[in-house]
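Undergrad: What follows is entry.cif, mmCIF, C-alpha atoms and all ligand atoms.
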```cif
data_target
loop_
_atom_site.label_atom_id
_atom_site.label_comp_id
_atom_site.auth_asym_id
_atom_site.auth_seq_id
_atom_site.Cartn_x
_atom_site.Cartn_y
_atom_site.Cartn_z
CA MET A 357 15.77 28.28 5.80
CA THR A 358 14.58 26.52 8.94
CA ASP A 359 12.92 23.15 9.48
CA ARG A 360 9.34 22.79 8.30
CA LEU A 361 6.74 20.50 9.88
CA ILE A 362 4.48 18.67 7.46
CA LEU A 363 1.27 17.04 8.63
CA GLY A 364 -0.15 14.11 6.66
CA ILE A 365 -3.73 12.79 6.86
CA GLU A 366 -4.80 9.43 5.42
CA SER A 367 -8.34 8.01 5.32
CA SER A 368 -8.73 6.28 1.94
CA CYS A 369 -9.68 2.82 3.24
CA ASP A 370 -9.94 1.43 6.79
CA GLU A 371 -7.00 3.18 8.45
CA THR A 372 -7.22 6.67 9.93
CA GLY A 373 -3.64 7.90 9.85
CA VAL A 374 -1.96 11.11 10.95
CA GLY A 375 1.78 11.51 10.43
CA ILE A 376 4.15 14.39 11.11
CA VAL A 377 7.45 14.78 9.29
CA ARG A 378 10.16 17.35 9.92
CA LEU A 379 11.60 18.56 6.61
CA GLY A 380 15.12 19.92 6.99
CA PRO A 381 16.53 22.79 4.90
CA ASP A 382 18.66 20.22 3.02
CA GLY A 383 15.58 18.12 2.13
CA SER A 384 16.23 15.56 4.89
CA MET A 385 13.19 14.08 6.59
CA GLU A 386 12.59 12.97 10.15
CA LEU A 387 9.46 11.10 11.15
CA LEU A 388 8.12 12.63 14.37
CA ALA A 389 4.76 10.87 14.64
CA ASP A 390 2.87 8.11 12.87
CA GLU A 391 -0.47 7.45 14.55
CA VAL A 392 -2.91 4.98 13.03
CA ALA A 393 -6.40 3.92 14.16
CA SER A 394 -7.65 0.91 12.23
CA SER A 395 -11.23 -0.29 11.82
CA VAL A 396 -10.05 -3.63 10.40
CA GLU A 397 -11.62 -5.61 13.25
CA GLU A 398 -15.03 -4.10 12.54
CA HIS A 399 -14.81 -5.45 8.97
CA ALA A 400 -13.50 -8.90 9.89
CA ARG A 401 -16.88 -10.60 10.14
CA PHE A 402 -17.79 -9.33 6.66
CA GLY A 403 -14.55 -10.66 5.11
CA GLY A 404 -13.75 -7.29 3.56
CA VAL A 405 -13.97 -3.54 4.12
CA VAL A 406 -17.54 -2.21 4.43
CA PRO A 407 -17.42 1.40 3.14
CA GLU A 408 -20.09 2.83 5.48
CA VAL A 409 -18.47 1.23 8.52
CA ALA A 410 -15.08 2.63 7.45
CA SER A 411 -16.46 6.19 7.01
CA ARG A 412 -18.07 6.19 10.44
CA ALA A 413 -14.90 4.85 12.05
CA HIS A 414 -12.84 7.63 10.38
CA LEU A 415 -15.25 10.23 11.75
CA GLU A 416 -14.82 8.88 15.26
CA ALA A 417 -11.05 8.40 15.03
CA MET A 418 -9.90 11.52 13.15
CA VAL A 419 -9.64 14.06 15.98
CA PRO A 420 -8.26 11.64 18.64
CA THR A 421 -5.66 10.38 16.13
CA MET A 422 -4.67 13.97 15.31
CA ARG A 423 -4.33 14.76 19.03
CA ARG A 424 -2.15 11.70 19.61
CA ALA A 425 0.11 12.57 16.67
CA VAL A 426 0.62 16.16 17.84
CA GLU A 427 1.35 14.92 21.35
CA THR A 428 3.79 12.23 20.18
CA ALA A 429 5.64 14.72 17.98
CA GLY A 430 5.74 17.23 20.86
CA ILE A 431 4.67 20.09 18.61
CA GLU A 432 1.91 22.70 18.54
CA LEU A 433 -0.52 22.50 15.63
CA ARG A 434 0.07 26.17 14.88
CA ASP A 435 3.74 25.39 14.14
CA VAL A 436 2.82 23.12 11.23
CA HIS A 437 4.02 24.45 7.87
CA SER A 438 1.69 22.55 5.50
CA ILE A 439 -1.02 19.91 5.51
CA ALA A 440 -1.10 17.01 3.04
CA VAL A 441 -4.11 14.75 2.65
CA THR A 442 -5.01 11.74 0.54
CA ALA A 443 -7.44 13.00 -2.13
CA GLY A 444 -7.69 9.62 -3.93
CA PRO A 445 -7.84 6.88 -4.95
CA GLY A 446 -9.97 5.23 -2.28
CA LEU A 447 -13.48 4.83 -0.89
CA ALA A 448 -15.55 7.97 -1.55
CA GLY A 449 -17.02 8.40 1.94
CA ALA A 450 -13.76 7.50 3.67
CA LEU A 451 -11.73 9.98 1.62
CA LEU A 452 -14.26 12.69 2.35
CA VAL A 453 -13.61 12.49 6.10
CA GLY A 454 -9.86 13.04 5.71
CA VAL A 455 -10.18 15.77 3.11
CA SER A 456 -12.83 17.62 5.16
CA ALA A 457 -10.64 17.41 8.26
CA ALA A 458 -7.55 18.60 6.35
CA LYS A 459 -9.45 21.55 4.88
CA ALA A 460 -10.78 22.50 8.30
CA TYR A 461 -7.29 22.42 9.85
CA ALA A 462 -5.77 24.28 6.88
CA ALA A 463 -8.46 26.98 7.00
CA ALA A 464 -8.38 27.36 10.79
CA LEU A 465 -4.57 27.46 10.95
CA GLY A 466 -4.08 29.43 7.71
CA LYS A 467 -1.70 26.81 6.27
CA PRO A 468 -1.21 25.52 2.71
CA LEU A 469 -3.12 22.36 1.79
CA TYR A 470 -1.83 19.63 -0.55
CA GLY A 471 -4.27 17.03 -1.91
CA VAL A 472 -2.06 14.05 -2.76
CA ASN A 473 -2.25 10.68 -4.46
CA HIS A 474 -2.41 7.68 -2.12
CA LEU A 475 -0.38 5.47 -4.50
CA ALA A 476 2.45 8.02 -4.70
CA GLY A 477 2.25 8.15 -0.89
CA HIS A 478 3.00 4.42 -0.67
CA VAL A 479 6.20 5.01 -2.66
CA ALA A 480 7.10 8.09 -0.59
CA ALA A 481 6.88 5.95 2.57
CA ASP A 482 10.12 4.23 1.59
CA THR A 483 12.06 7.52 1.64
CA LEU A 484 11.35 7.81 5.39
CA GLN A 485 13.36 4.64 5.95
CA HIS A 486 15.88 4.48 3.11
CA GLY A 487 16.38 8.13 2.18
CA PRO A 488 15.95 9.78 -1.22
CA LEU A 489 15.05 7.64 -4.22
CA PRO A 490 17.32 7.48 -7.25
CA LYS A 491 16.29 9.67 -10.21
CA ARG A 492 14.40 6.77 -11.77
CA CYS A 493 13.11 3.63 -10.11
CA LEU A 494 10.32 1.13 -10.31
CA ALA A 495 7.70 0.64 -7.60
CA LEU A 496 5.57 -2.44 -7.10
CA LEU A 497 2.55 -1.47 -5.04
CA VAL A 498 0.63 -4.39 -3.63
CA SER A 499 -2.18 -4.09 -1.11
CA GLY A 500 -5.81 -5.00 -0.54
CA GLY A 501 -6.92 -2.26 -2.90
CA HIS A 502 -4.15 -2.01 -5.48
CA SER A 503 -1.57 -3.95 -7.48
CA GLN A 504 0.42 -1.61 -9.66
CA LEU A 505 3.77 -1.24 -11.32
CA LEU A 506 4.87 2.38 -11.36
CA LEU A 507 7.79 4.03 -13.10
CA VAL A 508 8.88 6.76 -10.67
CA GLU A 509 10.85 9.67 -12.12
CA GLY A 510 10.66 11.99 -9.11
CA LEU A 511 7.94 11.77 -6.44
CA ALA A 512 6.92 15.37 -6.99
CA GLU A 513 7.54 15.27 -10.74
CA LYS A 514 6.50 12.20 -12.65
CA ILE A 515 5.00 8.82 -11.80
CA THR A 516 3.68 6.68 -14.63
CA GLU A 517 1.60 3.55 -14.21
CA ILE A 518 2.99 0.89 -16.51
CA GLY A 519 0.90 -2.02 -15.27
CA SER A 520 -1.91 -2.89 -12.89
CA THR A 521 -4.27 -5.70 -12.02
CA VAL A 522 -7.07 -6.33 -14.49
CA ASP A 523 -9.26 -7.83 -11.75
CA ASP A 524 -8.46 -8.51 -8.07
CA ALA A 525 -5.65 -6.81 -6.17
CA ALA A 526 -2.99 -9.16 -4.74
CA GLY A 527 -4.16 -8.56 -1.14
CA GLU A 528 -7.75 -9.10 -2.21
CA ALA A 529 -6.74 -12.49 -3.62
CA TYR A 530 -5.11 -13.33 -0.26
CA ASP A 531 -8.28 -12.28 1.56
CA LYS A 532 -10.57 -14.29 -0.75
CA VAL A 533 -8.41 -17.43 -0.65
CA ALA A 534 -8.21 -17.15 3.16
CA ARG A 535 -11.98 -17.00 3.29
CA LEU A 536 -12.40 -20.16 1.25
CA LEU A 537 -9.86 -21.91 3.47
CA ASP A 538 -11.78 -20.72 6.58
CA LEU A 539 -8.89 -18.56 7.72
CA PRO A 540 -9.46 -15.16 9.39
CA TYR A 541 -9.57 -11.75 7.68
CA PRO A 542 -7.29 -10.12 6.62
CA GLY A 543 -5.99 -13.25 4.95
CA GLY A 544 -2.38 -12.29 4.23
CA PRO A 545 -0.83 -12.98 7.65
CA PRO A 546 -2.51 -16.39 8.29
CA ILE A 547 -1.69 -17.64 4.77
CA ASP A 548 1.89 -16.38 5.11
CA ASN A 549 2.24 -18.27 8.42
CA LEU A 550 0.63 -21.48 7.20
CA ALA A 551 2.71 -21.43 4.03
CA LYS A 552 5.90 -21.67 6.11
CA GLN A 553 5.00 -25.29 6.92
CA GLY A 554 3.87 -26.15 3.39
CA ASN A 555 5.45 -27.22 0.12
CA ARG A 556 5.32 -24.38 -2.39
CA CYS A 557 5.71 -26.80 -5.30
CA ALA A 558 2.88 -29.12 -4.14
CA ILE A 559 0.21 -27.71 -6.44
CA ALA A 560 0.90 -25.99 -9.77
CA PHE A 561 -1.53 -23.08 -9.58
CA PRO A 562 -1.74 -20.86 -12.70
CA ARG A 563 0.38 -17.74 -13.17
CA GLY A 564 -2.06 -15.15 -14.53
CA LEU A 565 -1.21 -13.15 -17.67
CA THR A 566 2.19 -14.75 -18.25
CA GLY A 567 1.51 -16.14 -21.72
CA PRO A 568 3.45 -14.82 -24.73
CA ARG A 569 0.47 -12.74 -25.93
CA ASP A 570 -0.45 -11.38 -22.50
CA SER A 571 0.19 -7.87 -21.34
CA LYS A 572 3.77 -7.69 -20.07
CA TYR A 573 3.19 -5.67 -16.91
CA ASP A 574 -0.44 -6.28 -15.98
CA PHE A 575 -1.57 -8.75 -13.32
CA SER A 576 -4.61 -11.00 -12.91
CA PHE A 577 -5.39 -12.84 -9.69
CA SER A 578 -9.02 -13.77 -10.10
CA GLY A 579 -8.26 -16.92 -12.13
CA LEU A 580 -5.78 -18.01 -9.48
CA LYS A 581 -8.39 -17.60 -6.74
CA THR A 582 -10.91 -19.62 -8.78
CA SER A 583 -8.31 -22.27 -9.42
CA VAL A 584 -7.66 -22.63 -5.66
CA ALA A 585 -11.43 -22.88 -5.07
CA ARG A 586 -11.81 -25.61 -7.76
CA TRP A 587 -8.85 -27.55 -6.38
CA VAL A 588 -10.26 -27.48 -2.84
CA GLU A 589 -13.75 -28.50 -4.08
CA LYS A 590 -12.29 -31.43 -6.00
CA GLN A 591 -10.46 -32.67 -2.92
CA GLU A 592 -13.63 -32.34 -0.84
CA ARG A 593 -15.69 -34.26 -3.42
CA ALA A 594 -13.12 -37.03 -3.39
CA GLY A 595 -13.37 -37.13 0.41
CA GLU A 596 -9.70 -36.15 0.68
CA GLU A 597 -8.35 -33.93 3.43
CA ILE A 598 -7.26 -30.42 2.37
CA PRO A 599 -3.51 -30.02 2.89
CA LEU A 600 -3.94 -26.42 4.05
CA ALA A 601 -0.25 -25.58 4.39
CA ASP A 602 0.52 -26.88 0.88
CA VAL A 603 -2.41 -24.96 -0.63
CA ALA A 604 -1.28 -21.79 1.17
CA ALA A 605 2.37 -22.23 0.11
CA SER A 606 1.48 -23.05 -3.51
CA PHE A 607 -0.95 -20.11 -3.79
CA GLN A 608 1.60 -17.78 -2.22
CA GLU A 609 4.27 -18.99 -4.63
CA ALA A 610 2.04 -18.25 -7.63
CA VAL A 611 1.45 -14.69 -6.40
CA ALA A 612 5.10 -14.00 -5.52
CA ASP A 613 6.37 -15.56 -8.75
CA VAL A 614 4.21 -13.37 -10.99
CA LEU A 615 4.72 -10.16 -9.00
CA THR A 616 8.50 -10.44 -8.81
CA GLY A 617 8.84 -11.80 -12.37
CA LYS A 618 6.95 -8.88 -13.90
CA ALA A 619 8.55 -6.25 -11.66
CA ILE A 620 12.07 -7.38 -12.52
CA ARG A 621 11.28 -7.61 -16.20
CA ALA A 622 9.97 -4.02 -16.06
CA CYS A 623 13.16 -2.86 -14.30
CA LYS A 624 15.22 -4.34 -17.12
CA ASP A 625 12.96 -3.01 -19.89
CA PHE A 626 12.93 0.51 -18.45
CA GLY A 627 16.63 0.48 -17.57
CA VAL A 628 16.23 1.17 -13.85
CA ASP A 629 18.33 -0.45 -11.16
CA THR A 630 16.14 0.01 -8.08
CA LEU A 631 12.89 -1.73 -7.18
CA VAL A 632 10.70 -0.50 -4.30
CA ILE A 633 7.97 -2.81 -2.99
CA SER A 634 5.28 -1.27 -0.81
CA GLY A 635 1.67 -1.82 0.32
CA GLY A 636 0.32 -4.34 2.83
CA VAL A 637 1.35 -7.38 0.77
CA ALA A 638 4.99 -6.21 0.84
CA ALA A 639 5.00 -7.67 4.37
CA ASN A 640 4.70 -11.14 2.79
CA SER A 641 7.75 -13.23 3.63
CA ARG A 642 7.86 -15.14 0.34
CA LEU A 643 7.33 -12.02 -1.78
CA SER A 644 10.22 -10.19 -0.12
CA GLY A 645 12.36 -13.36 -0.06
CA LEU A 646 11.87 -14.15 -3.73
CA ALA A 647 12.26 -10.48 -4.70
CA ALA A 648 15.57 -10.36 -2.80
CA GLU A 649 16.82 -13.51 -4.59
CA ARG A 650 15.78 -12.33 -8.04
CA CYS A 651 16.98 -8.75 -7.55
CA ALA A 652 20.39 -10.03 -6.44
CA GLU A 653 20.59 -12.24 -9.55
CA ALA A 654 19.60 -9.32 -11.78
CA GLY A 655 21.94 -6.82 -10.05
CA LEU A 656 19.05 -4.66 -8.81
CA GLU A 657 18.76 -2.83 -5.51
CA LEU A 658 15.64 -3.85 -3.59
CA ARG A 659 13.98 -1.46 -1.14
CA VAL A 660 11.15 -2.74 1.06
CA PRO A 661 10.09 -0.41 3.88
CA ARG A 662 9.27 -1.91 7.28
CA PRO A 663 5.71 -3.31 7.50
CA ARG A 664 4.41 -0.37 9.52
CA LEU A 665 5.35 1.96 6.63
CA CYS A 666 4.00 -0.45 3.98
CA THR A 667 0.41 -0.50 5.21
CA ASP A 668 -1.78 2.61 5.03
CA ASN A 669 -0.60 5.39 7.34
CA GLY A 670 -0.39 9.16 7.65
CA ALA A 671 3.41 9.23 7.69
CA MET A 672 3.60 8.33 4.00
CA ILE A 673 1.22 11.18 3.17
CA ALA A 674 3.30 13.59 5.28
CA ALA A 675 6.43 12.34 3.48
CA LEU A 676 4.88 12.94 0.07
CA GLY A 677 3.72 16.38 1.27
CA ALA A 678 7.30 17.10 2.34
CA HIS A 679 8.58 16.15 -1.14
CA LEU A 680 6.04 18.55 -2.68
CA VAL A 681 6.96 21.37 -0.29
CA ALA A 682 10.68 20.77 -0.96
CA ALA A 683 9.97 20.92 -4.70
CA ASP A 684 8.02 24.20 -4.28
CA ALA A 685 4.90 22.57 -5.71
CA LYS A 686 1.73 24.64 -5.90
CA PRO A 687 -0.69 23.93 -3.03
CA SER A 688 -4.27 22.82 -3.69
CA SER A 689 -7.13 25.25 -3.21
CA LEU A 690 -9.47 24.99 -0.25
CA ASP A 691 -12.22 23.67 -2.52
CA LEU A 692 -10.17 20.50 -3.09
CA SER A 693 -12.46 17.57 -3.79
CA THR A 694 -11.96 13.85 -3.36
CA THR A 695 -11.32 11.67 -6.42
CA PRO A 696 -12.12 8.03 -5.56
CA GLY A 697 -10.79 6.77 -8.92
CA LEU A 698 -7.76 9.07 -9.05
CA PRO A 699 -5.08 7.66 -11.38
CA VAL A 700 -1.47 7.96 -10.24
O1 LIG A 801 -1.89 -1.63 2.50
P1 LIG A 801 -2.94 -2.32 3.30
O2 LIG A 801 -2.81 -2.31 4.80
O3 LIG A 801 -4.36 -1.73 3.01
C1 LIG A 801 -4.85 -1.49 1.73
O4 LIG A 801 -4.63 -0.37 1.21
O5 LIG A 801 -5.45 -2.42 1.19
O6 LIG A 801 -3.01 -3.82 2.77
C2 LIG A 801 -3.86 -4.78 3.32
C3 LIG A 801 -3.71 -6.07 2.54
C4 LIG A 801 -4.71 -7.13 2.95
O7 LIG A 801 -5.32 -7.65 1.78
C5 LIG A 801 -3.86 -8.18 3.66
O8 LIG A 801 -4.36 -9.49 3.52
C6 LIG A 801 -2.53 -8.02 2.96
O9 LIG A 801 -2.40 -6.63 2.75
N1 LIG A 801 -1.41 -8.52 3.78
C7 LIG A 801 -0.62 -9.54 3.41
C8 LIG A 801 0.28 -9.76 4.49
N2 LIG A 801 0.01 -8.84 5.47
C9 LIG A 801 -1.03 -8.08 5.01
N3 LIG A 801 -0.62 -10.29 2.31
C10 LIG A 801 0.29 -11.27 2.23
N4 LIG A 801 1.17 -11.57 3.22
C11 LIG A 801 1.21 -10.84 4.35
N5 LIG A 801 2.09 -11.14 5.32
ZN ZN A 802 -2.92 1.76 0.39
#
```
For this file, write the structure as structure tokens.
TA:
Amino acid sequence: MTDRLILGIESSCDETGVGIVRLGPDGSMELLADEVASSVEEHARFGGVVPEVASRAHLEAMVPTMRRAVETAGIELRDVHSIAVTAGPGLAGALLVGVSAAKAYAAALGKPLYGVNHLAGHVAADTLQHGPLPKRCLALLVSGGHSQLLLVEGLAEKITEIGSTVDDAAGEAYDKVARLLDLPYPGGPPIDNLAKQGNRCAIAFPRGLTGPRDSKYDFSFSGLKTSVARWVEKQERAGEEIPLADVAASFQEAVADVLTGKAIRACKDFGVDTLVISGGVAANSRLSGLAAERCAEAGLELRVPRPRLCTDNGAMIAALGAHLVAADAKPSSLDLSTTPGLPV
């Protein structure tokens, strides 16, 4: 068997991504192109993603991003073997742009189409950097839209959600706390930077859902965000200055502590020895630092893909498509629809 080229299209939120992966006969994968056009700056003044703005930006960016990817990879579109596209979860209008484009390319080129799950795509991204996953592993997915713990027993076979946030996603909490501290959107990077000069033990912010009766693997970040807001208000009322770096470091510690604590507990409970962390928040320096410390203590292997692969992109969708093709999975039909609330 010869090499097969897999095209991946992502448009579930504010990133238009097209990736191209070369799948070798032995199942090896080579990333040939990973083009992303982001509309994040258009959302900045609203402090969060505006769905209509995102859909329009995808419409404008889809074909140019596809052209750039094909050019970067140095291939002809007709040589593509299969097309994978994010079918959900995500914003309804945004998903529709990617799925419509993928169907059009699949129909025009006469190629198989695979509608795939965005969350599974985030896990697949890691295989582009670190190679195949062990038979069983745990994935902590943390971004602006999701915070999930997944038990992965084969990317093309079985992924089970064992925990998720009951309210805000971790990245959403970063964005909301940044807003109340008058920091720019998206809030993760500025908080991460500020926190480096702060004392992470300065303020004891609550660790959501960590009581003895709380769900073992679920997360809650909305109480933490409220607690930061109350703390800041109290300081302001007292006429005290807000120690921004300490607030950032203490908030960040509360998030990293809960995420790593629950992920490592799940690894032990499910008897797996590898933890993958992906999604935009995986770029957080304290999260990866604390995860590395705790994984080393617990004898677990930690895999965190480079930031470019952690945030939304088409390469991860191409990688997941390649896993499906390698596993001889059945393609989707051309009447594939989007599923904004698609479970993993
Ligand atoms: O995966 P992503 O690019 O898009 C979504 O699917 O949401 O994640 C974006 C999220 C934002 O909420 C952003 O604030 C957060 O990831 N983020 C970070 C960092 N870099 C990005 N959060 C914490 N620390 C960072 N360094
Ligand atoms: Zn995502």
Undergrad: Could you name the residues that touch A:Leu489 at 10 Å or less, counting all atoms listed in the file, but leaving out those on the same chain fewer than 4 positions away, as a CSV table (one decimal) with C-alpha atoms, keeping the file's coordinate frame?
TA:
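Output file part.csv is given in full below:
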```csv
chain,number,residue,atom,x,y,z
A,479,VAL,CA,6.2,5.0,-2.7
A,480,ALA,CA,7.1,8.1,-0.6
A,482,ASP,CA,10.1,4.2,1.6
A,483,THR,CA,12.1,7.5,1.6
A,493,CYS,CA,13.1,3.6,-10.1
A,508,VAL,CA,8.9,6.8,-10.7
A,509,GLU,CA,10.8,9.7,-12.1
A,510,GLY,CA,10.7,12.0,-9.1
A,511,LEU,CA,7.9,11.8,-6.4
A,630,THR,CA,16.1,0.0,-8.1
A,632,VAL,CA,10.7,-0.5,-4.3
A,659,ARG,CA,14.0,-1.5,-1.1
```
Undergrad: Quick one: pull the distance between atom CA of A:Gly543 and atom CA of A:Ser576, Å, one decimal.
TA: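 So the answer is 18.1 Å.
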Undergrad: How big is the axis-aligned box around all listed atoms of ligand LIG 801 (chain A) once 4 Å goes on each side, and where's its centre, in Å to one decimal, as AutoDock Vina command-line options?
TA:
```
--center_x -1.7 --center_y -6.0 --center_z 3.3 --size_x 15.5 --size_y 19.2 --size_z 12.3
```
Undergrad: Counting all atoms listed in the file, give me one row per residue of chain A with an atom at most 10 Å from an atom of ligand ZN 802 (chain A), showing the shortest contact pair and its distance in Å to one decimal, sorted by chain then residue number, as a Markdown table.
TA:
```
| residue | atom | partner | partner_atom | distance |
| --- | --- | --- | --- | --- |
| A:Glu366 | CA | A:ZN802 | ZN | 9.4 |
| A:Ser367 | CA | A:ZN802 | ZN | 9.6 |
| A:Ser368 | CA | A:ZN802 | ZN | 7.5 |
| A:Cys369 | CA | A:ZN802 | ZN | 7.4 |
| A:Asp370 | CA | A:ZN802 | ZN | 9.5 |
| A:Glu371 | CA | A:ZN802 | ZN | 9.1 |
| A:Pro445 | CA | A:ZN802 | ZN | 8.9 |
| A:Gly446 | CA | A:ZN802 | ZN | 8.3 |
| A:His474 | CA | A:ZN802 | ZN | 6.5 |
| A:Leu475 | CA | A:ZN802 | ZN | 6.6 |
| A:Ala476 | CA | A:ZN802 | ZN | 9.7 |
| A:Gly477 | CA | A:ZN802 | ZN | 8.3 |
| A:His478 | CA | A:ZN802 | ZN | 6.6 |
| A:Leu497 | CA | A:ZN802 | ZN | 8.4 |
| A:Val498 | CA | A:ZN802 | ZN | 8.2 |
| A:Ser499 | CA | A:ZN802 | ZN | 6.1 |
| A:Gly500 | CA | A:ZN802 | ZN | 7.4 |
| A:Gly501 | CA | A:ZN802 | ZN | 6.6 |
| A:His502 | CA | A:ZN802 | ZN | 7.1 |
| A:Ser503 | CA | A:ZN802 | ZN | 9.8 |
| A:Ser634 | CA | A:ZN802 | ZN | 8.8 |
| A:Gly635 | CA | A:ZN802 | ZN | 5.8 |
| A:Gly636 | CA | A:ZN802 | ZN | 7.3 |
| A:Cys666 | CA | A:ZN802 | ZN | 8.1 |
| A:Thr667 | CA | A:ZN802 | ZN | 6.3 |
| A:Asp668 | CA | A:ZN802 | ZN | 4.9 |
| A:Asn669 | CA | A:ZN802 | ZN | 8.2 |
| A:Met672 | CA | A:ZN802 | ZN | 9.9 |
```
Undergrad: Residues within 9 Å of A:Phe402, please, as a PyMOL selection string. Count all atoms listed in the file; anything in the same chain fewer than 4 positions from it doesn't count.
TA: chain A and resi 398+406+541
Undergrad: Hey, what's within 6 Å of A:Ala647 if we count all atoms listed in the file and toss same-chain stuff fewer than 4 positions away? As a list in words, please?
TA: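 Neighbouring residues, sequence-local ones excluded: Thr616, Leu643 and Cys651 of chain A.
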Undergrad: Go ahead and find all residues with at least one atom no further than 6 Å from (2.0, -3.7, -19.4) in the file's coordinates, using all atoms listed in the file; report them as a list in words.
TA: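 Those residues lying close to the given coordinates are Ile518, Gly519, Ser571, Lys572, Tyr573 and Asp574 of chain A.
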Undergrad: Which distance in Å separates atom CA of A:Gly380 and atom CA of A:Met422, to one decimal?
TA: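 These two atoms are separated by 22.3 Å.
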Undergrad: Would you mind reading off the distance between atom CA of A:Arg563 and atom CA of A:Ser641, one decimal, in Å?
TA: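 Value for the atom CA of A:Arg563-atom CA of A:Ser641 distance: 18.9 Å.
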Undergrad: Name the residues, using the chain letters and numbers of the file, that sit within 9 Å of (-9.1, -5.9, -11.7) when counting only C-alpha atoms, and give them as a list in words.
TA: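 Checked against the point, the hits come out as His502, Ser503, Ser520, Thr521, Val522, Asp523, Asp524, Ala525, Phe575, Ser576, Phe577 and Ser578 of chain A.
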Undergrad: Restrict the selected residues to C-alpha atoms and save them as a PDB file, keeping the file's coordinate frame.
TA:
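Result saved to part_8.pdb:
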```
ATOM      1  CA  HIS A 502      -4.150  -2.010  -5.480  1.00  0.00           C
ATOM      2  CA  SER A 503      -1.570  -3.950  -7.480  1.00  0.00           C
ATOM      3  CA  SER A 520      -1.910  -2.890 -12.890  1.00  0.00           C
ATOM      4  CA  THR A 521      -4.270  -5.700 -12.020  1.00  0.00           C
ATOM      5  CA  VAL A 522      -7.070  -6.330 -14.490  1.00  0.00           C
ATOM      6  CA  ASP A 523      -9.260  -7.830 -11.750  1.00  0.00           C
ATOM      7  CA  ASP A 524      -8.460  -8.510  -8.070  1.00  0.00           C
ATOM      8  CA  ALA A 525      -5.650  -6.810  -6.170  1.00  0.00           C
ATOM      9  CA  PHE A 575      -1.570  -8.750 -13.320  1.00  0.00           C
ATOM     10  CA  SER A 576      -4.610 -11.000 -12.910  1.00  0.00           C
ATOM     11  CA  PHE A 577      -5.390 -12.840  -9.690  1.00  0.00           C
ATOM     12  CA  SER A 578      -9.020 -13.770 -10.100  1.00  0.00           C
TER      13      SER A 578
END
```
Undergrad: Hey, what's within 9 Å of A:Phe561 if we count only C-alpha atoms and toss same-chain stuff fewer than 5 positions away? As a PyMOL selection string, please?
TA: chain A and resi 580+583-584+606-607+609-610
Undergrad: For each of A:Lys459, A:Arg556, A:His679, A:Arg423, take the minimum atom-to-atom distance to A:Asp382, counting only C-alpha atoms, then give the residue where this is smallest.
TA: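 Among the listed residues, the smallest separation from A:Asp382 belongs to A:His679.
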Undergrad: Find the residues near A:Leu631: any atom within 9 Å, counting only C-alpha atoms, skip ones fewer than 4 places away on the same chain, and give them as an NGL selection string.
TA: :A and (493-496 or 619-620 or 623 or 651 or 656-660)
Undergrad: I'd like to know which of A:Ala622, A:Ile559, A:Val409, A:Ala440 is closest to A:Gly677, using all atoms listed in the file.
TA: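 Nearest candidate to A:Gly677 out of A:Ala622, A:Ile559, A:Val409, A:Ala440: A:Ala440.
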Undergrad: Between A:Gly471, A:Val374, A:Gly430, A:Arg593, which residue has the minimum interatomic distance to A:Gly444, considering all atoms listed in the file?
TA: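 Closest candidate: A:Gly471.
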